file query-v1.txt (compact mmCIF, C-alpha atoms)
# COMPACT_ATOMS: atom_id res chain seq x y z
CA MET A 1 36.21 -1.79 36.45
CA ALA A 2 38.05 -4.51 34.52
CA LEU A 3 37.14 -8.09 35.36
CA PRO A 4 39.44 -11.09 35.66
CA PRO A 5 39.82 -12.85 32.30
CA LEU A 6 36.94 -15.19 31.53
CA VAL A 7 39.06 -17.77 29.68
CA GLU A 8 42.34 -19.47 30.56
CA PRO A 9 44.98 -19.13 27.81
CA THR A 10 45.83 -21.87 25.39
CA GLY A 11 49.43 -22.85 24.62
CA PRO A 12 51.66 -20.87 22.25
CA LEU A 13 49.93 -19.58 19.13
CA SER A 14 50.63 -21.43 15.91
CA PRO A 15 53.00 -19.79 13.40
CA THR A 16 50.03 -19.37 11.07
CA GLU A 17 48.00 -17.51 13.70
CA THR A 18 50.97 -15.37 14.73
CA ALA A 19 51.54 -14.32 11.11
CA ARG A 20 47.81 -13.70 10.62
CA LEU A 21 47.57 -11.42 13.66
CA GLU A 22 50.55 -9.43 12.43
CA GLN A 23 48.79 -8.94 9.12
CA VAL A 24 45.51 -7.96 10.78
CA ARG A 25 47.29 -5.34 12.90
CA ASN A 26 48.35 -3.64 9.67
CA LEU A 27 44.82 -3.44 8.22
CA PRO A 28 42.98 -0.34 9.51
CA GLN A 29 39.56 -1.84 8.78
CA LEU A 30 40.34 -4.82 11.05
CA ARG A 31 42.36 -2.99 13.68
CA LEU A 32 42.32 -4.88 16.98
CA PRO A 33 42.28 -3.43 20.49
CA PRO A 34 45.60 -3.44 22.36
CA ILE A 35 45.84 -7.05 23.53
CA ASP A 36 49.08 -8.74 24.50
CA GLU A 37 50.24 -12.21 23.51
CA LEU A 38 48.61 -13.77 26.58
CA GLY A 39 45.33 -12.10 25.64
CA HIS A 40 45.49 -13.56 22.15
CA ARG A 41 46.09 -16.99 23.66
CA ARG A 42 42.94 -16.52 25.74
CA LEU A 43 41.03 -15.59 22.61
CA ALA A 44 42.37 -18.68 20.85
CA ALA A 45 41.03 -20.83 23.72
CA ALA A 46 37.65 -19.07 23.87
CA ARG A 47 34.32 -20.54 22.75
CA ALA A 48 31.75 -17.90 21.77
CA LEU A 49 28.19 -18.62 20.61
CA VAL A 50 26.66 -16.05 18.25
CA LEU A 51 22.89 -16.09 17.83
CA GLY A 52 21.83 -15.27 14.29
CA THR A 53 23.87 -14.85 11.12
CA SER A 54 22.59 -11.45 9.97
CA GLY A 55 21.70 -8.10 11.52
CA LEU A 56 24.02 -7.27 14.40
CA SER A 57 25.44 -10.78 14.37
CA ALA A 58 27.20 -10.46 11.00
CA PRO A 59 29.61 -7.65 12.03
CA ALA A 60 30.05 -9.29 15.43
CA VAL A 61 31.15 -12.54 13.78
CA ARG A 62 33.57 -10.65 11.54
CA THR A 63 35.19 -8.90 14.49
CA LEU A 64 35.44 -12.06 16.60
CA ALA A 65 37.11 -13.90 13.71
CA ALA A 66 39.57 -11.07 13.11
CA ALA A 67 40.47 -11.16 16.80
CA GLY A 68 41.22 -14.89 16.59
CA VAL A 69 38.49 -16.40 18.78
CA GLY A 70 39.20 -20.13 18.72
CA THR A 71 35.64 -21.47 18.39
CA ILE A 72 32.64 -19.58 17.07
CA GLY A 73 29.24 -21.26 17.30
CA LEU A 74 26.29 -20.17 15.16
CA ALA A 75 22.69 -20.78 16.20
CA ASP A 76 19.25 -19.23 15.92
CA VAL A 77 15.79 -19.50 17.42
CA GLY A 78 14.59 -21.19 14.20
CA PRO A 79 16.32 -23.13 11.43
CA LEU A 80 19.55 -21.49 10.31
CA ASP A 81 19.46 -19.59 7.03
CA VAL A 82 21.69 -21.78 4.86
CA ASP A 83 22.89 -18.94 2.61
CA ALA A 84 23.66 -16.70 5.59
CA LEU A 85 25.38 -19.60 7.34
CA VAL A 86 27.63 -20.28 4.34
CA LEU A 87 28.51 -16.57 4.13
CA ALA A 88 29.27 -16.37 7.85
CA THR A 89 31.41 -19.51 7.78
CA THR A 90 33.32 -18.30 4.73
CA THR A 91 33.94 -14.93 6.39
CA ILE A 92 35.21 -16.55 9.58
CA LEU A 93 37.58 -18.96 7.84
CA THR A 94 38.85 -16.27 5.46
CA LEU A 95 39.73 -13.97 8.35
CA SER A 96 40.93 -16.70 10.73
CA PRO A 97 41.68 -20.14 9.22
CA ASP A 98 42.50 -21.59 12.66
CA THR A 99 39.01 -20.77 14.03
CA ALA A 100 36.63 -23.72 14.42
CA VAL A 101 33.06 -23.03 13.30
CA THR A 102 30.22 -24.99 14.88
CA ALA A 103 26.77 -24.66 13.27
CA HIS A 104 23.81 -25.70 15.43
CA ASP A 105 21.11 -26.59 12.90
CA GLU A 106 18.46 -27.45 15.48
CA ASP A 107 15.94 -24.93 16.71
CA LEU A 108 16.83 -23.12 19.92
CA THR A 109 14.00 -24.09 22.27
CA ALA A 110 13.35 -24.37 25.99
CA GLU A 111 14.40 -28.02 25.73
CA SER A 112 17.62 -27.50 23.74
CA ALA A 113 18.85 -24.10 24.97
CA ALA A 114 20.77 -25.25 28.07
CA ARG A 115 22.46 -28.07 26.16
CA ILE A 116 23.55 -25.81 23.30
CA LEU A 117 24.57 -22.75 25.33
CA GLY A 118 26.28 -24.84 27.99
CA GLY A 119 29.15 -25.67 25.63
CA TYR A 120 30.36 -22.05 25.42
CA ASP A 121 32.15 -19.47 27.55
CA LEU A 122 29.75 -16.67 26.63
CA VAL A 123 26.83 -15.88 24.35
CA ILE A 124 26.40 -12.96 21.94
CA ASP A 125 22.79 -12.22 21.04
CA GLY A 126 21.96 -9.64 18.41
CA SER A 127 19.11 -11.62 16.93
CA ASP A 128 15.97 -10.21 18.65
CA LEU A 129 14.60 -13.64 19.47
CA ALA A 130 10.87 -13.00 19.13
CA PRO A 131 8.59 -14.58 20.23
CA GLN A 132 10.78 -15.95 23.05
CA PRO A 133 12.70 -12.88 24.24
CA PHE A 134 13.58 -14.40 27.63
CA LEU A 135 14.69 -17.84 26.44
CA VAL A 136 18.38 -17.04 26.04
CA GLY A 137 18.50 -14.55 28.91
CA ASP A 138 17.03 -16.99 31.41
CA THR A 139 19.21 -19.85 30.17
CA CYS A 140 22.38 -17.78 30.48
CA ALA A 141 21.33 -16.63 33.96
CA THR A 142 20.78 -20.21 35.11
CA LEU A 143 24.07 -21.44 33.61
CA GLY A 144 26.01 -18.42 34.90
CA LEU A 145 27.11 -17.43 31.38
CA PRO A 146 27.75 -13.81 30.37
CA LEU A 147 25.20 -12.63 27.80
CA VAL A 148 26.41 -9.88 25.45
CA TRP A 149 23.15 -8.47 24.10
CA GLY A 150 22.10 -5.89 21.53
CA SER A 151 19.02 -4.75 19.66
CA VAL A 152 18.31 -2.21 16.91
CA ALA A 153 14.92 -0.62 16.26
CA ARG A 154 13.57 2.74 15.16
CA GLY A 155 16.99 4.27 14.49
CA ASN A 156 18.45 3.40 17.90
CA ALA A 157 20.71 0.61 19.08
CA GLU A 158 20.77 -0.62 22.68
CA LEU A 159 23.55 -2.83 24.03
CA SER A 160 24.48 -4.32 27.39
CA VAL A 161 26.14 -7.26 29.14
CA PHE A 162 24.08 -9.38 31.52
CA TRP A 163 25.75 -11.77 33.95
CA SER A 164 23.95 -13.46 36.82
CA SER A 165 27.18 -14.55 38.56
CA PRO A 166 30.11 -12.23 37.85
CA PRO A 167 33.41 -13.06 39.61
CA ARG A 168 33.36 -12.50 43.35
CA ARG A 169 35.10 -9.36 44.57
CA SER A 170 34.87 -7.92 41.05
CA GLY A 171 32.64 -5.06 42.15
CA GLN A 172 30.03 -6.06 39.55
CA ARG A 173 26.45 -6.83 40.56
CA SER A 174 24.35 -9.65 39.18
CA THR A 175 22.27 -8.59 36.18
CA ARG A 176 19.79 -10.38 33.93
CA LEU A 177 18.01 -9.55 30.69
CA ARG A 178 14.81 -9.38 32.73
CA ASP A 179 16.32 -6.45 34.63
CA PHE A 180 16.20 -4.49 31.37
CA TYR A 181 12.78 -5.55 30.09
CA GLY A 182 11.14 -6.21 33.42
CA THR A 183 9.37 -9.53 33.94
CA ASP A 184 6.46 -8.87 31.56
CA PRO A 185 6.92 -11.22 28.58
CA ASP A 186 4.36 -9.25 26.56
CA ALA A 187 6.40 -6.05 26.87
CA ALA A 188 9.59 -7.86 25.93
CA GLY A 189 7.91 -9.58 23.02
CA ALA A 190 6.69 -6.25 21.68
CA ALA A 191 10.24 -4.88 21.86
CA ALA A 192 11.82 -7.93 20.20
CA VAL A 193 10.48 -7.24 16.73
CA PRO A 194 12.02 -8.31 13.42
CA ALA A 195 14.81 -6.09 12.11
CA ASP A 196 13.55 -2.70 10.89
CA PRO A 197 14.49 -2.38 7.18
CA GLY A 198 14.64 1.40 7.64
CA VAL A 199 17.51 1.22 10.11
CA LEU A 200 20.77 2.66 8.81
CA GLY A 201 23.04 -0.25 7.86
CA ALA A 202 26.04 1.47 9.39
CA LEU A 203 24.25 1.46 12.76
CA ARG A 204 24.05 -2.32 12.66
CA GLY A 205 27.75 -2.42 11.79
CA GLN A 206 28.62 -0.15 14.72
CA ALA A 207 26.47 -2.03 17.20
CA GLY A 208 27.63 -5.47 16.06
CA ALA A 209 31.29 -4.49 16.35
CA ILE A 210 30.64 -3.20 19.87
CA LEU A 211 29.04 -6.50 20.84
CA ALA A 212 32.19 -8.31 19.71
CA ALA A 213 34.37 -5.80 21.56
CA GLU A 214 32.42 -6.49 24.77
CA ALA A 215 33.00 -10.22 24.30
CA ILE A 216 36.73 -9.64 23.73
CA ARG A 217 36.90 -7.53 26.90
CA LEU A 218 35.30 -10.31 28.93
CA ILE A 219 37.50 -13.05 27.45
CA THR A 220 40.77 -11.19 27.96
CA GLY A 221 39.96 -9.20 31.11
CA THR A 222 40.72 -5.84 29.49
CA GLY A 223 38.75 -2.63 29.73
CA GLU A 224 35.42 -2.11 31.48
CA PRO A 225 32.48 -4.18 30.16
CA LEU A 226 28.92 -2.90 30.01
CA ILE A 227 27.70 -4.97 32.96
CA GLY A 228 25.00 -3.01 34.77
CA ARG A 229 24.89 -0.34 32.04
CA VAL A 230 22.96 0.08 28.79
CA LEU A 231 24.66 1.81 25.87
CA THR A 232 22.30 3.61 23.49
CA ILE A 233 23.38 4.72 20.02
CA ASP A 234 21.14 7.32 18.36
CA ALA A 235 21.76 7.12 14.62
CA GLU A 236 19.98 10.40 13.91
CA SER A 237 21.99 12.54 16.33
CA GLY A 238 25.18 10.45 16.42
CA ARG A 239 25.03 10.36 20.22
CA PHE A 240 26.29 7.55 22.43
CA ASP A 241 24.77 7.47 25.92
CA ALA A 242 25.36 4.94 28.71
CA THR A 243 22.82 4.69 31.52
CA VAL A 244 22.85 2.55 34.64
CA LEU A 245 20.56 -0.46 34.52
CA PRO A 246 17.91 -0.17 37.27
CA VAL A 247 18.38 -2.58 40.14
CA ALA A 248 15.78 -5.33 39.92
CA GLN A 249 13.52 -5.73 42.92
CA PRO A 250 13.97 -9.07 44.74
CA ALA A 251 11.28 -11.58 43.89
CA PRO A 252 8.92 -12.67 46.66
CA ALA A 253 9.77 -15.91 48.44
CA GLY A 254 8.48 -18.89 46.49
CA ALA A 255 8.04 -16.91 43.26
CA ARG A 256 8.61 -18.79 40.04
CA ILE A 257 10.38 -17.63 36.87
CA GLU A 258 8.58 -18.21 33.57
CA THR A 259 10.88 -19.35 30.75
CA ASP A 260 8.75 -18.98 27.64
CA GLY A 261 7.19 -22.39 27.33
CA ALA A 262 9.44 -24.29 29.72
CA GLU A 263 8.37 -25.39 33.17
CA PRO A 264 8.52 -22.46 35.63
CA VAL A 265 11.72 -22.44 37.67
CA PRO A 266 11.57 -21.53 41.39
CA VAL A 267 13.55 -18.36 42.03
CA ALA A 268 15.49 -19.93 44.88
CA ALA A 269 16.62 -22.82 42.68
CA SER A 270 17.69 -20.47 39.88
CA VAL A 271 19.68 -18.30 42.27
CA ALA A 272 21.30 -21.33 43.86
CA THR A 273 22.37 -22.63 40.46
CA ALA A 274 23.83 -19.29 39.44
CA THR A 275 25.64 -18.94 42.73
CA ALA A 276 27.14 -22.39 42.45
CA THR A 277 28.64 -21.47 39.07
CA ALA A 278 30.14 -18.16 40.20
CA THR A 279 33.82 -17.83 39.34
CA GLU A 280 36.13 -18.04 42.30
CA GLU A 281 38.26 -14.92 41.79
call {"tool": "encode", "arguments": {"input": "query-v1.txt", "output": "structure tokens"}}
result
Amino acid sequence: MALPPLVEPTGPLSPTETARLEQVRNLPQLRLPPIDELGHRRLAAARALVLGTSGLSAPAVRTLAAAGVGTIGLADVGPLDVDALVLATTTILTLSPDTAVTAHDEDLTAESAARILGGYDLVIDGSDLAPQPFLVGDTCATLGLPLVWGSVARGNAELSVFWSSPPRRSGQRSTRLRDFYGTDPDAAGAAAVPADPGVLGALRGQAGAILAAEAIRLITGTGEPLIGRVLTIDAESGRFDATVLPVAQPAPAGARIETDGAEPVPVAASVATATATATEE
């Protein structure tokens, strides 16, 4: 089921952006999904934060820039790789000169996460943020931000969209990264390992482009996003499988959510915050 657009459109596109989009439409390697002029104005107004500048994030950044996302933020759990940052910025501005690039050179921590993520419409995470796998997921859930998430390991890619407060009457249920991993930080930490050098590079390209496509769907309100589903890509067999994310069991009254080093947050307070930020649609 398609959702209402996440972002309100900006004014008319600049002549430069209009000409650029026409050129992009004629390049098969940068072919965009069918989005109308209003959709492109929504993309131009959108602010997307991408975590990491390599792995799945590199093809995601390329696709977002080609689509004309107005602001692309770059951040990571540790200091940004300067060389990778320069390459990402150059790629963005080459593909979309009107796009603003914001580099967050401070570490993403329990203290800084809400401040950094809170300036964006959605977050794309293909970075495998070990050893704090829940940091971004919990922050997005508290802020009510959609989290477009992906991971590659052992020849498989897994991708999903988590959103604690999807628009009312959208038919979508609330989902969190913890619904996928469970609430055991040790299990999630074991899964969030550094990128496997044996993974087929094309798999990262496929998965990263899909992450960007999910973000574009959310921004423009087109297609059916992966909320409540996990897409698995098996590089060895070439199979794509989508499975329904299990429904998380409600936490006991008074339970507290651990946030990887931050003060535990009472479940009731977290739910109240997410509910307050739900989109009135």
call {"tool": "closest_residue", "arguments": {"input": "query-v1.txt", "among": "A:Val82, A:Ile35, A:Cys140, A:Ala100", "to": "A:Ala65", "atoms": "all atoms listed in the file"}}
result
A:Ala100
call {"tool": "atom_distance", "arguments": {"input": "query-v1.txt", "atom1": "atom CA of A:Val161", "atom2": "atom CA of A:Glu8"}}
result
20.3 Å
call {"tool": "closest_residue", "arguments": {"input": "query-v1.txt", "among": "A:Leu218, A:Leu80, A:Ala212, A:Leu6", "to": "A:Gly126", "atoms": "all atoms listed in the file"}}
result
A:Ala212
call {"tool": "closest_residue", "arguments": {"input": "query-v1.txt", "among": "A:Trp163, A:Ser57, A:Arg47, A:Gly70", "to": "A:Gly118", "atoms": "all atoms listed in the file"}}
result
A:Arg47
call {"tool": "atom_distance", "arguments": {"input": "query-v1.txt", "atom1": "atom CA of A:Val61", "atom2": "atom CA of A:Gly39"}}
result
18.5 Å
call {"tool": "residues_around", "arguments": {"input": "query-v1.txt", "residues": "A:Ala75", "least_positions_apart": "5", "cutoff": "7 Å", "atoms": "all atoms listed in the file", "output": "PyMOL selection string"}}
result
chain A and resi 50-52+80+103-105
call {"tool": "residues_around", "arguments": {"input": "query-v1.txt", "residues": "A:Arg239", "least_positions_apart": "5", "cutoff": "12 Å", "atoms": "all atoms listed in the file", "output": "tab-separated table (two decimals) with C-alpha atoms, in the frame of the given file"}}
result
chain	number	residue	atom	x	y	z
A	155	GLY	CA	16.99	4.27	14.49
A	156	ASN	CA	18.45	3.40	17.90
A	157	ALA	CA	20.71	0.61	19.08
A	203	LEU	CA	24.25	1.46	12.76
A	231	LEU	CA	24.66	1.81	25.87
A	232	THR	CA	22.30	3.61	23.49
A	233	ILE	CA	23.38	4.72	20.02
A	234	ASP	CA	21.14	7.32	18.36
call {"tool": "closest_residue", "arguments": {"input": "query-v1.txt", "among": "A:Leu135, A:Val230, A:Leu13, A:Leu56", "to": "A:Val69", "atoms": "all atoms listed in the file"}}
result
A:Leu13
call {"tool": "closest_residue", "arguments": {"input": "query-v1.txt", "among": "A:Trp149, A:Gly171, A:Arg229, A:Asp98", "to": "A:Pro15", "atoms": "all atoms listed in the file"}}
result
A:Asp98
